[in-house]
>>> print(open('entry.cif').read())   # mmCIF, N, CA and C atoms
data_model
loop_
_atom_site.label_atom_id
_atom_site.label_comp_id
_atom_site.auth_asym_id
_atom_site.auth_seq_id
_atom_site.Cartn_x
_atom_site.Cartn_y
_atom_site.Cartn_z
N MET A 3 50.37 -17.43 -132.08
CA MET A 3 50.24 -16.07 -131.60
C MET A 3 51.49 -15.70 -130.82
N THR A 4 52.18 -14.71 -131.25
CA THR A 4 53.35 -14.25 -130.50
C THR A 4 53.18 -12.80 -130.07
N GLN A 5 51.96 -12.41 -129.94
CA GLN A 5 51.64 -11.05 -129.56
C GLN A 5 51.55 -10.96 -128.03
N ALA A 6 51.92 -9.80 -127.50
CA ALA A 6 51.83 -9.58 -126.05
C ALA A 6 50.40 -9.18 -125.68
N VAL A 7 50.00 -9.57 -124.49
CA VAL A 7 48.68 -9.25 -123.96
C VAL A 7 48.42 -7.75 -124.04
N ARG A 8 49.41 -6.93 -123.74
CA ARG A 8 49.22 -5.47 -123.73
C ARG A 8 48.74 -4.93 -125.07
N GLU A 9 49.00 -5.65 -126.15
CA GLU A 9 48.62 -5.17 -127.47
C GLU A 9 47.14 -5.31 -127.77
N ILE A 10 46.44 -6.18 -127.04
CA ILE A 10 45.01 -6.34 -127.32
C ILE A 10 44.12 -6.16 -126.09
N MET A 11 44.72 -5.94 -124.92
CA MET A 11 43.93 -5.79 -123.69
C MET A 11 43.18 -4.46 -123.70
N THR A 12 42.16 -4.38 -122.88
CA THR A 12 41.47 -3.12 -122.62
C THR A 12 42.20 -2.44 -121.48
N CYS A 13 42.69 -1.25 -121.73
CA CYS A 13 43.38 -0.48 -120.69
C CYS A 13 42.34 0.25 -119.84
N ASN A 14 42.72 0.56 -118.62
CA ASN A 14 41.86 1.31 -117.70
C ASN A 14 40.47 0.71 -117.57
N PRO A 15 40.38 -0.57 -117.20
CA PRO A 15 39.04 -1.16 -117.02
C PRO A 15 38.32 -0.53 -115.84
N VAL A 16 37.02 -0.66 -115.83
CA VAL A 16 36.21 -0.13 -114.73
C VAL A 16 36.55 -0.91 -113.47
N ALA A 17 36.81 -0.19 -112.41
CA ALA A 17 37.13 -0.80 -111.12
C ALA A 17 36.37 -0.07 -110.03
N VAL A 18 35.95 -0.84 -109.03
CA VAL A 18 35.23 -0.28 -107.89
C VAL A 18 35.81 -0.88 -106.61
N GLY A 19 35.50 -0.28 -105.49
CA GLY A 19 35.91 -0.81 -104.20
C GLY A 19 34.98 -1.91 -103.74
N PRO A 20 35.42 -2.77 -102.84
CA PRO A 20 34.60 -3.90 -102.38
C PRO A 20 33.32 -3.49 -101.65
N GLU A 21 33.25 -2.27 -101.14
CA GLU A 21 32.06 -1.83 -100.42
C GLU A 21 31.04 -1.14 -101.32
N THR A 22 31.31 -1.10 -102.62
CA THR A 22 30.40 -0.46 -103.57
C THR A 22 29.09 -1.26 -103.63
N PRO A 23 27.95 -0.59 -103.54
CA PRO A 23 26.66 -1.30 -103.63
C PRO A 23 26.50 -1.99 -104.98
N VAL A 24 25.91 -3.18 -104.95
CA VAL A 24 25.73 -3.95 -106.19
C VAL A 24 24.86 -3.20 -107.20
N CYS A 25 23.90 -2.42 -106.72
CA CYS A 25 23.04 -1.67 -107.64
C CYS A 25 23.86 -0.64 -108.43
N GLU A 26 24.84 -0.03 -107.77
CA GLU A 26 25.71 0.93 -108.45
C GLU A 26 26.57 0.23 -109.51
N VAL A 27 27.07 -0.95 -109.17
CA VAL A 27 27.89 -1.71 -110.12
C VAL A 27 27.05 -2.14 -111.32
N ALA A 28 25.84 -2.62 -111.07
CA ALA A 28 24.96 -3.03 -112.16
C ALA A 28 24.67 -1.85 -113.09
N ALA A 29 24.45 -0.68 -112.52
CA ALA A 29 24.19 0.52 -113.33
C ALA A 29 25.40 0.88 -114.17
N ARG A 30 26.61 0.76 -113.61
CA ARG A 30 27.83 1.04 -114.38
C ARG A 30 27.97 0.06 -115.54
N MET A 31 27.68 -1.22 -115.27
CA MET A 31 27.75 -2.22 -116.34
C MET A 31 26.78 -1.86 -117.46
N ARG A 32 25.58 -1.47 -117.10
CA ARG A 32 24.58 -1.08 -118.10
C ARG A 32 25.04 0.16 -118.87
N ASP A 33 25.45 1.19 -118.15
CA ASP A 33 25.81 2.46 -118.77
C ASP A 33 27.05 2.36 -119.65
N GLU A 34 27.99 1.50 -119.27
CA GLU A 34 29.24 1.39 -120.02
C GLU A 34 29.26 0.18 -120.94
N ASP A 35 28.14 -0.55 -120.99
CA ASP A 35 27.97 -1.70 -121.86
C ASP A 35 29.10 -2.73 -121.67
N ILE A 36 29.31 -3.10 -120.40
CA ILE A 36 30.33 -4.08 -120.06
C ILE A 36 29.72 -5.18 -119.20
N GLY A 37 30.39 -6.31 -119.15
CA GLY A 37 29.89 -7.44 -118.39
C GLY A 37 30.72 -7.80 -117.18
N ALA A 38 31.80 -7.05 -116.94
CA ALA A 38 32.66 -7.35 -115.80
C ALA A 38 33.28 -6.07 -115.26
N VAL A 39 33.45 -6.06 -113.94
CA VAL A 39 34.06 -4.93 -113.25
C VAL A 39 35.08 -5.48 -112.27
N LEU A 40 36.24 -4.86 -112.23
CA LEU A 40 37.27 -5.27 -111.28
C LEU A 40 36.96 -4.69 -109.91
N VAL A 41 37.28 -5.45 -108.89
CA VAL A 41 37.09 -5.00 -107.51
C VAL A 41 38.49 -4.79 -106.92
N CYS A 42 38.78 -3.55 -106.55
CA CYS A 42 40.13 -3.19 -106.10
C CYS A 42 40.08 -2.45 -104.78
N ALA A 43 41.12 -2.64 -104.00
CA ALA A 43 41.36 -1.83 -102.81
C ALA A 43 42.56 -0.99 -103.17
N GLY A 44 42.34 0.28 -103.46
CA GLY A 44 43.41 1.10 -104.02
C GLY A 44 43.69 0.59 -105.43
N GLU A 45 44.96 0.35 -105.71
CA GLU A 45 45.32 -0.20 -107.02
C GLU A 45 45.46 -1.71 -106.99
N ARG A 46 45.26 -2.31 -105.84
CA ARG A 46 45.42 -3.76 -105.67
C ARG A 46 44.13 -4.50 -106.01
N LEU A 47 44.25 -5.47 -106.87
CA LEU A 47 43.11 -6.28 -107.29
C LEU A 47 42.65 -7.18 -106.16
N ARG A 48 41.36 -7.16 -105.87
CA ARG A 48 40.78 -8.00 -104.83
C ARG A 48 39.75 -8.97 -105.38
N GLY A 49 39.23 -8.71 -106.57
CA GLY A 49 38.23 -9.60 -107.14
C GLY A 49 37.77 -9.12 -108.50
N LEU A 50 36.87 -9.90 -109.07
CA LEU A 50 36.26 -9.59 -110.36
C LEU A 50 34.79 -9.95 -110.22
N VAL A 51 33.91 -9.09 -110.66
CA VAL A 51 32.48 -9.37 -110.61
C VAL A 51 31.91 -9.25 -112.01
N THR A 52 31.10 -10.22 -112.37
CA THR A 52 30.45 -10.22 -113.68
C THR A 52 28.95 -10.02 -113.50
N ASP A 53 28.28 -9.73 -114.61
CA ASP A 53 26.83 -9.61 -114.56
C ASP A 53 26.21 -10.92 -114.08
N ARG A 54 26.79 -12.03 -114.45
CA ARG A 54 26.30 -13.33 -113.99
C ARG A 54 26.49 -13.50 -112.48
N ASP A 55 27.64 -13.04 -111.96
CA ASP A 55 27.87 -13.11 -110.50
C ASP A 55 26.78 -12.35 -109.75
N LEU A 56 26.42 -11.17 -110.25
CA LEU A 56 25.39 -10.38 -109.59
C LEU A 56 24.06 -11.13 -109.58
N THR A 57 23.76 -11.80 -110.67
CA THR A 57 22.51 -12.54 -110.77
C THR A 57 22.51 -13.76 -109.85
N VAL A 58 23.55 -14.56 -109.93
CA VAL A 58 23.59 -15.83 -109.20
C VAL A 58 23.87 -15.65 -107.71
N ARG A 59 24.76 -14.74 -107.37
CA ARG A 59 25.17 -14.59 -105.97
C ARG A 59 24.37 -13.56 -105.18
N ILE A 60 23.65 -12.68 -105.86
CA ILE A 60 22.90 -11.64 -105.14
C ILE A 60 21.41 -11.73 -105.46
N LEU A 61 21.02 -11.55 -106.70
CA LEU A 61 19.60 -11.51 -107.06
C LEU A 61 18.89 -12.82 -106.79
N ALA A 62 19.55 -13.94 -107.01
CA ALA A 62 18.91 -15.24 -106.81
C ALA A 62 18.54 -15.48 -105.35
N ASP A 63 19.17 -14.77 -104.42
CA ASP A 63 18.83 -14.90 -103.00
C ASP A 63 17.49 -14.25 -102.68
N GLY A 64 17.04 -13.35 -103.55
CA GLY A 64 15.80 -12.63 -103.31
C GLY A 64 15.98 -11.57 -102.23
N GLY A 65 14.92 -10.88 -101.94
CA GLY A 65 14.96 -9.86 -100.90
C GLY A 65 15.56 -8.55 -101.36
N ASP A 66 15.74 -7.67 -100.40
CA ASP A 66 16.26 -6.33 -100.64
C ASP A 66 17.76 -6.39 -100.93
N VAL A 67 18.17 -5.87 -102.05
CA VAL A 67 19.59 -5.89 -102.41
C VAL A 67 20.29 -4.56 -102.11
N SER A 68 19.55 -3.59 -101.59
CA SER A 68 20.11 -2.25 -101.41
C SER A 68 21.31 -2.22 -100.46
N GLY A 69 21.40 -3.14 -99.53
CA GLY A 69 22.52 -3.15 -98.60
C GLY A 69 23.64 -4.10 -98.99
N ARG A 70 23.51 -4.74 -100.15
CA ARG A 70 24.50 -5.73 -100.57
C ARG A 70 25.64 -5.04 -101.32
N THR A 71 26.84 -5.54 -101.11
CA THR A 71 28.02 -4.94 -101.74
C THR A 71 28.64 -5.88 -102.77
N VAL A 72 29.41 -5.27 -103.62
CA VAL A 72 30.08 -6.04 -104.67
C VAL A 72 31.08 -7.03 -104.07
N GLY A 73 31.60 -6.73 -102.89
CA GLY A 73 32.50 -7.66 -102.21
C GLY A 73 31.84 -9.00 -101.93
N GLU A 74 30.53 -9.01 -101.77
CA GLU A 74 29.78 -10.24 -101.54
C GLU A 74 29.60 -11.05 -102.82
N ALA A 75 29.68 -10.40 -103.94
CA ALA A 75 29.37 -11.04 -105.22
C ALA A 75 30.58 -11.42 -106.04
N CYS A 76 31.71 -10.83 -105.75
CA CYS A 76 32.87 -11.00 -106.65
C CYS A 76 33.58 -12.33 -106.43
N SER A 77 34.24 -12.75 -107.48
CA SER A 77 35.14 -13.90 -107.42
C SER A 77 36.46 -13.39 -106.86
N SER A 78 36.93 -14.02 -105.82
CA SER A 78 38.17 -13.52 -105.20
C SER A 78 39.39 -14.38 -105.53
N GLU A 79 39.18 -15.60 -105.99
CA GLU A 79 40.31 -16.44 -106.40
C GLU A 79 40.52 -16.18 -107.89
N LEU A 80 41.46 -15.31 -108.18
CA LEU A 80 41.63 -14.84 -109.55
C LEU A 80 42.84 -15.45 -110.25
N VAL A 81 42.69 -15.57 -111.53
CA VAL A 81 43.78 -15.92 -112.42
C VAL A 81 44.10 -14.65 -113.18
N THR A 82 45.36 -14.27 -113.20
CA THR A 82 45.76 -13.04 -113.89
C THR A 82 46.88 -13.31 -114.87
N VAL A 83 47.10 -12.36 -115.73
CA VAL A 83 48.25 -12.38 -116.64
C VAL A 83 48.97 -11.04 -116.53
N ALA A 84 50.18 -11.02 -117.01
CA ALA A 84 50.97 -9.79 -117.07
C ALA A 84 50.86 -9.19 -118.47
N PRO A 85 51.04 -7.90 -118.60
CA PRO A 85 50.93 -7.27 -119.92
C PRO A 85 51.93 -7.80 -120.94
N ASP A 86 53.09 -8.27 -120.48
CA ASP A 86 54.08 -8.78 -121.41
C ASP A 86 53.94 -10.28 -121.67
N ASP A 87 52.98 -10.94 -121.03
CA ASP A 87 52.72 -12.35 -121.32
C ASP A 87 52.25 -12.48 -122.75
N ASP A 88 52.51 -13.62 -123.31
CA ASP A 88 52.04 -13.97 -124.65
C ASP A 88 50.52 -14.15 -124.63
N VAL A 89 49.85 -13.73 -125.68
CA VAL A 89 48.42 -13.96 -125.78
C VAL A 89 48.13 -15.46 -125.72
N ASP A 90 49.04 -16.28 -126.24
CA ASP A 90 48.88 -17.74 -126.16
C ASP A 90 48.70 -18.20 -124.72
N ARG A 91 49.46 -17.63 -123.81
CA ARG A 91 49.35 -18.00 -122.40
C ARG A 91 47.98 -17.61 -121.87
N ALA A 92 47.51 -16.44 -122.22
CA ALA A 92 46.18 -16.01 -121.78
C ALA A 92 45.11 -16.96 -122.31
N VAL A 93 45.22 -17.34 -123.57
CA VAL A 93 44.25 -18.25 -124.17
C VAL A 93 44.28 -19.61 -123.47
N GLN A 94 45.48 -20.11 -123.18
CA GLN A 94 45.60 -21.40 -122.47
C GLN A 94 44.94 -21.32 -121.10
N LEU A 95 45.15 -20.23 -120.39
CA LEU A 95 44.52 -20.07 -119.07
C LEU A 95 43.01 -20.00 -119.19
N MET A 96 42.53 -19.24 -120.16
CA MET A 96 41.08 -19.13 -120.37
C MET A 96 40.49 -20.50 -120.68
N ARG A 97 41.12 -21.21 -121.57
CA ARG A 97 40.64 -22.54 -121.97
C ARG A 97 40.71 -23.51 -120.80
N GLY A 98 41.84 -23.56 -120.13
CA GLY A 98 42.05 -24.52 -119.06
C GLY A 98 41.18 -24.30 -117.84
N LYS A 99 40.80 -23.07 -117.60
CA LYS A 99 40.00 -22.75 -116.40
C LYS A 99 38.60 -22.27 -116.74
N ALA A 100 38.22 -22.37 -118.02
CA ALA A 100 36.89 -21.96 -118.50
C ALA A 100 36.58 -20.51 -118.09
N LEU A 101 37.48 -19.60 -118.41
CA LEU A 101 37.33 -18.18 -118.09
C LEU A 101 37.09 -17.38 -119.36
N ARG A 102 36.33 -16.31 -119.22
CA ARG A 102 36.09 -15.42 -120.36
C ARG A 102 36.89 -14.14 -120.27
N ARG A 103 37.39 -13.84 -119.06
CA ARG A 103 38.13 -12.59 -118.85
C ARG A 103 39.28 -12.84 -117.89
N LEU A 104 40.39 -12.14 -118.11
CA LEU A 104 41.54 -12.21 -117.22
C LEU A 104 42.00 -10.79 -116.90
N PRO A 105 42.10 -10.46 -115.63
CA PRO A 105 42.71 -9.18 -115.28
C PRO A 105 44.19 -9.19 -115.67
N VAL A 106 44.69 -8.04 -116.06
CA VAL A 106 46.10 -7.89 -116.42
C VAL A 106 46.75 -7.07 -115.30
N VAL A 107 47.75 -7.68 -114.67
CA VAL A 107 48.36 -7.09 -113.48
C VAL A 107 49.87 -6.94 -113.70
N GLU A 108 50.39 -5.78 -113.31
CA GLU A 108 51.83 -5.51 -113.40
C GLU A 108 52.29 -4.93 -112.07
N ASP A 109 53.29 -5.54 -111.49
CA ASP A 109 53.82 -5.10 -110.19
C ASP A 109 52.72 -4.97 -109.14
N GLY A 110 51.76 -5.91 -109.18
CA GLY A 110 50.69 -5.93 -108.20
C GLY A 110 49.54 -4.98 -108.47
N CYS A 111 49.64 -4.19 -109.53
CA CYS A 111 48.59 -3.21 -109.86
C CYS A 111 47.87 -3.60 -111.15
N VAL A 112 46.57 -3.37 -111.18
CA VAL A 112 45.77 -3.66 -112.36
C VAL A 112 46.08 -2.63 -113.45
N VAL A 113 46.37 -3.13 -114.65
CA VAL A 113 46.63 -2.23 -115.77
C VAL A 113 45.68 -2.47 -116.94
N GLY A 114 44.88 -3.53 -116.85
CA GLY A 114 43.96 -3.83 -117.94
C GLY A 114 43.18 -5.10 -117.70
N ILE A 115 42.45 -5.49 -118.73
CA ILE A 115 41.71 -6.75 -118.72
C ILE A 115 41.70 -7.26 -120.15
N ILE A 116 41.82 -8.57 -120.29
CA ILE A 116 41.74 -9.18 -121.61
C ILE A 116 40.57 -10.15 -121.58
N ALA A 117 39.74 -10.05 -122.61
CA ALA A 117 38.53 -10.88 -122.69
C ALA A 117 38.62 -11.80 -123.89
N LEU A 118 37.85 -12.86 -123.83
CA LEU A 118 37.77 -13.80 -124.92
C LEU A 118 37.41 -13.08 -126.22
N GLY A 119 36.52 -12.09 -126.11
CA GLY A 119 36.13 -11.31 -127.29
C GLY A 119 37.29 -10.54 -127.89
N ASP A 120 38.22 -10.05 -127.05
CA ASP A 120 39.40 -9.34 -127.55
C ASP A 120 40.24 -10.27 -128.41
N VAL A 121 40.40 -11.50 -127.95
CA VAL A 121 41.19 -12.49 -128.69
C VAL A 121 40.49 -12.83 -130.00
N ALA A 122 39.18 -13.03 -129.95
CA ALA A 122 38.43 -13.37 -131.16
C ALA A 122 38.51 -12.25 -132.20
N LYS A 123 38.37 -10.99 -131.75
CA LYS A 123 38.45 -9.86 -132.69
C LYS A 123 39.81 -9.80 -133.37
N GLU A 124 40.86 -10.11 -132.62
CA GLU A 124 42.22 -10.00 -133.14
C GLU A 124 42.60 -11.17 -134.04
N TYR A 125 42.23 -12.39 -133.63
CA TYR A 125 42.74 -13.58 -134.31
C TYR A 125 41.73 -14.31 -135.17
N ASP A 126 40.45 -14.05 -134.98
CA ASP A 126 39.43 -14.72 -135.77
C ASP A 126 38.25 -13.78 -136.00
N PRO A 127 38.52 -12.63 -136.65
CA PRO A 127 37.51 -11.58 -136.76
C PRO A 127 36.27 -11.99 -137.56
N GLU A 128 36.38 -12.99 -138.40
CA GLU A 128 35.22 -13.43 -139.19
C GLU A 128 34.40 -14.50 -138.49
N SER A 129 34.86 -14.96 -137.34
CA SER A 129 34.07 -15.93 -136.58
C SER A 129 32.84 -15.23 -136.00
N THR A 130 31.89 -16.01 -135.59
CA THR A 130 30.69 -15.42 -134.98
C THR A 130 31.07 -14.59 -133.76
N LEU A 131 31.92 -15.14 -132.87
CA LEU A 131 32.33 -14.40 -131.68
C LEU A 131 33.12 -13.15 -132.06
N GLY A 132 33.97 -13.24 -133.06
CA GLY A 132 34.73 -12.08 -133.50
C GLY A 132 33.84 -10.97 -134.00
N ARG A 133 32.81 -11.33 -134.79
CA ARG A 133 31.88 -10.32 -135.31
C ARG A 133 31.01 -9.72 -134.22
N ILE A 134 30.55 -10.57 -133.30
CA ILE A 134 29.73 -10.07 -132.20
C ILE A 134 30.57 -9.12 -131.32
N SER A 135 31.79 -9.51 -131.03
CA SER A 135 32.66 -8.71 -130.17
C SER A 135 33.02 -7.37 -130.81
N ALA A 136 33.12 -7.34 -132.13
CA ALA A 136 33.48 -6.10 -132.82
C ALA A 136 32.29 -5.16 -132.99
N ALA A 137 31.07 -5.70 -132.87
CA ALA A 137 29.87 -4.86 -133.05
C ALA A 137 29.70 -3.92 -131.87
N GLY A 138 29.23 -2.76 -132.14
CA GLY A 138 28.98 -1.79 -131.07
C GLY A 138 27.66 -2.08 -130.38
N PRO A 139 27.40 -1.36 -129.32
CA PRO A 139 26.13 -1.52 -128.60
C PRO A 139 24.95 -1.19 -129.52
N THR A 140 23.83 -1.85 -129.28
CA THR A 140 22.67 -1.65 -130.14
C THR A 140 21.54 -0.90 -129.45
N ARG A 141 21.85 -0.17 -128.41
CA ARG A 141 20.81 0.54 -127.67
C ARG A 141 20.14 1.57 -128.51
#
>>> encode(input="entry.cif", output="structure tokens")
Amino acid sequence: MTQAVREIMTCNPVAVGPETPVCEVAARMRDEDIGAVLVCAGERLRGLVTDRDLTVRILADGGDVSGRTVGEACSSELVTVAPDDDVDRAVQLMRGKALRRLPVVEDGCVVGIIALGDVAKEYDPESTLGRISAAGPTR
């Protein structure tokens, strides 16, 4: 693969501030049919929250979640790539760190996100993951 990340990344990913209520983030994930949201302070990346993070870090605690924020649920130690990085580098990072998504950052600002499904659609479209990733929502 000698393609740049920018060629297959999702531009303008959903981003919220760290004080955003988790219920609002969960609703955005549902409405936009996505599994991850970037957590930013201005244009600066501060974390990434997935549907699994919300389940394991918030819902599993039980109790009232209305006062809980996405800042409590997000992963803050992030691995990122640049838009001009090779897709091979992104794949190596995903494989080496068992990640499904990588924020794409340029000059300290988020410009996109690349997911395992993006790579599968581009490089192995007939694989099960490639076909699932290419399918639209079934709502």
>>> residues_around(input="entry.cif", residues="segment 108-120 of chain A", least_positions_apart="4", cutoff="6.5 Å", atoms="only N, CA and C atoms", output="list in words")
Ile10, Met11, Thr12, Cys13, Asn14, Pro15, Glu45, Arg46, Leu47, Val83, Ala84, Pro85, Leu101, Arg102, Arg103, Leu104, Glu124, Tyr125, Leu131, Gly132 and Ser135 of chain A
>>> atom_distance(input="entry.cif", atom1="atom CA of Pro23 of chain A", atom2="atom CA of Arg70 of chain A")
5.8 Å
>>> resolve_selection(input="entry.cif", expression="the PyMOL selection byres ((chain A and resi 53) around 7)", output="list in words")
Ile36, Gly37, Ala38, Val39, Val51, Thr52, Arg54, Asp55, Leu56, Thr57 and Val58 of chain A
>>> write_last_selection(input="entry.cif", atoms="N, CA and C atoms", output="mmCIF file, in the frame of the given file")
data_model
loop_
_atom_site.group_PDB
_atom_site.id
_atom_site.type_symbol
_atom_site.label_atom_id
_atom_site.label_comp_id
_atom_site.auth_asym_id
_atom_site.auth_seq_id
_atom_site.Cartn_x
_atom_site.Cartn_y
_atom_site.Cartn_z
ATOM 1 N N ILE A 36 29.310 -3.100 -120.400
ATOM 2 C CA ILE A 36 30.330 -4.080 -120.060
ATOM 3 C C ILE A 36 29.720 -5.180 -119.200
ATOM 4 N N GLY A 37 30.390 -6.310 -119.150
ATOM 5 C CA GLY A 37 29.890 -7.440 -118.390
ATOM 6 C C GLY A 37 30.720 -7.800 -117.180
ATOM 7 N N ALA A 38 31.800 -7.050 -116.940
ATOM 8 C CA ALA A 38 32.660 -7.350 -115.800
ATOM 9 C C ALA A 38 33.280 -6.070 -115.260
ATOM 10 N N VAL A 39 33.450 -6.060 -113.940
ATOM 11 C CA VAL A 39 34.060 -4.930 -113.250
ATOM 12 C C VAL A 39 35.080 -5.480 -112.270
ATOM 13 N N VAL A 51 33.910 -9.090 -110.660
ATOM 14 C CA VAL A 51 32.480 -9.370 -110.610
ATOM 15 C C VAL A 51 31.910 -9.250 -112.010
ATOM 16 N N THR A 52 31.100 -10.220 -112.370
ATOM 17 C CA THR A 52 30.450 -10.220 -113.680
ATOM 18 C C THR A 52 28.950 -10.020 -113.500
ATOM 19 N N ARG A 54 26.790 -12.030 -114.450
ATOM 20 C CA ARG A 54 26.300 -13.330 -113.990
ATOM 21 C C ARG A 54 26.490 -13.500 -112.480
ATOM 22 N N ASP A 55 27.640 -13.040 -111.960
ATOM 23 C CA ASP A 55 27.870 -13.110 -110.500
ATOM 24 C C ASP A 55 26.780 -12.350 -109.750
ATOM 25 N N LEU A 56 26.420 -11.170 -110.250
ATOM 26 C CA LEU A 56 25.390 -10.380 -109.590
ATOM 27 C C LEU A 56 24.060 -11.130 -109.580
ATOM 28 N N THR A 57 23.760 -11.800 -110.670
ATOM 29 C CA THR A 57 22.510 -12.540 -110.770
ATOM 30 C C THR A 57 22.510 -13.760 -109.850
ATOM 31 N N VAL A 58 23.550 -14.560 -109.930
ATOM 32 C CA VAL A 58 23.590 -15.830 -109.200
ATOM 33 C C VAL A 58 23.870 -15.650 -107.710
#
>>> closest_residue(input="entry.cif", among="A:Lys99, A:Gln5, A:Val41, A:Asp33", to="Gly19 of chain A", atoms="all atoms listed in the file")
A:Val41
>>> closest_residue(input="entry.cif", among="A:Ile60, A:Met96, A:Val7, A:Val89", to="Cys76 of chain A", atoms="only C-alpha atoms")
A:Ile60
>>> atom_distance(input="entry.cif", atom1="atom N of Arg8 of chain A", atom2="atom N of Leu95 of chain A")
14.4 Å
>>> atom_distance(input="entry.cif", atom1="atom CA of Thr71 of chain A", atom2="atom CA of Gly49 of chain A")
12.5 Å
>>> closest_residue(input="entry.cif", among="A:Val106, A:Val93, A:Gly98, A:Ser68", to="Val81 of chain A", atoms="only N, CA and C atoms")
A:Val106
>>> closest_residue(input="entry.cif", among="A:Ala75, A:Gly69, A:Ala6, A:Asp87", to="Leu40 of chain A", atoms="only C-alpha atoms")
A:Ala75
>>> closest_residue(input="entry.cif", among="A:Met31, A:Ala92, A:Val107, A:Val24", to="Asp66 of chain A", atoms="only C-alpha atoms")
A:Val24
>>> select_by_dssp(input="entry.cif", residues="chain A", states="helix (DSSP H, G or I)", output="VMD selection string")
chain A and resid 7 to 9 24 to 34 53 to 59 61 to 63 72 to 75 89 to 99 118 to 125 130 to 136
>>> decode(input="entry.cif", residues="segment 5-21 of chain A", atoms="N, CA and C atoms", output="CSV table (one decimal), in the first residue's frame")
chain,number,residue,atom,x,y,z
A,5,GLN,N,-0.6,4.3,-0.6
A,5,GLN,CA,-1.6,5.3,-0.6
A,5,GLN,C,-1.5,6.2,0.7
A,6,ALA,N,-1.8,7.4,0.6
A,6,ALA,CA,-1.8,8.3,1.8
A,6,ALA,C,-3.1,8.1,2.6
A,7,VAL,N,-3.0,8.3,3.9
A,7,VAL,CA,-4.1,8.2,4.8
A,7,VAL,C,-5.2,9.1,4.3
A,8,ARG,N,-4.9,10.3,3.9
A,8,ARG,CA,-5.9,11.3,3.5
A,8,ARG,C,-6.8,10.8,2.3
A,9,GLU,N,-6.4,9.8,1.6
A,9,GLU,CA,-7.2,9.3,0.5
A,9,GLU,C,-8.3,8.4,0.9
A,10,ILE,N,-8.2,7.8,2.1
A,10,ILE,CA,-9.3,6.9,2.5
A,10,ILE,C,-9.9,7.3,3.9
A,11,MET,N,-9.4,8.3,4.5
A,11,MET,CA,-9.9,8.7,5.8
A,11,MET,C,-11.3,9.4,5.7
A,12,THR,N,-12.0,9.4,6.8
A,12,THR,CA,-13.2,10.1,6.9
A,12,THR,C,-12.9,11.5,7.3
A,13,CYS,N,-13.3,12.5,6.5
A,13,CYS,CA,-13.0,13.9,6.8
A,13,CYS,C,-14.1,14.4,7.7
A,14,ASN,N,-13.8,15.4,8.5
A,14,ASN,CA,-14.8,16.1,9.3
A,14,ASN,C,-15.5,15.1,10.2
A,15,PRO,N,-14.8,14.3,11.0
A,15,PRO,CA,-15.5,13.4,11.9
A,15,PRO,C,-16.2,14.1,13.0
A,16,VAL,N,-17.2,13.4,13.6
A,16,VAL,CA,-17.9,14.0,14.7
A,16,VAL,C,-17.0,14.3,15.9
A,17,ALA,N,-17.1,15.5,16.4
A,17,ALA,CA,-16.3,15.8,17.6
A,17,ALA,C,-17.1,16.6,18.6
A,18,VAL,N,-16.9,16.4,19.8
A,18,VAL,CA,-17.6,17.0,20.9
A,18,VAL,C,-16.6,17.5,22.0
A,19,GLY,N,-17.0,18.4,22.8
A,19,GLY,CA,-16.1,18.9,23.9
A,19,GLY,C,-16.1,17.9,25.1
A,20,PRO,N,-15.1,17.9,25.9
A,20,PRO,CA,-15.0,17.0,27.0
A,20,PRO,C,-16.2,17.1,28.1
A,21,GLU,N,-16.9,18.2,28.1
A,21,GLU,CA,-18.0,18.4,29.1
A,21,GLU,C,-19.3,17.9,28.5
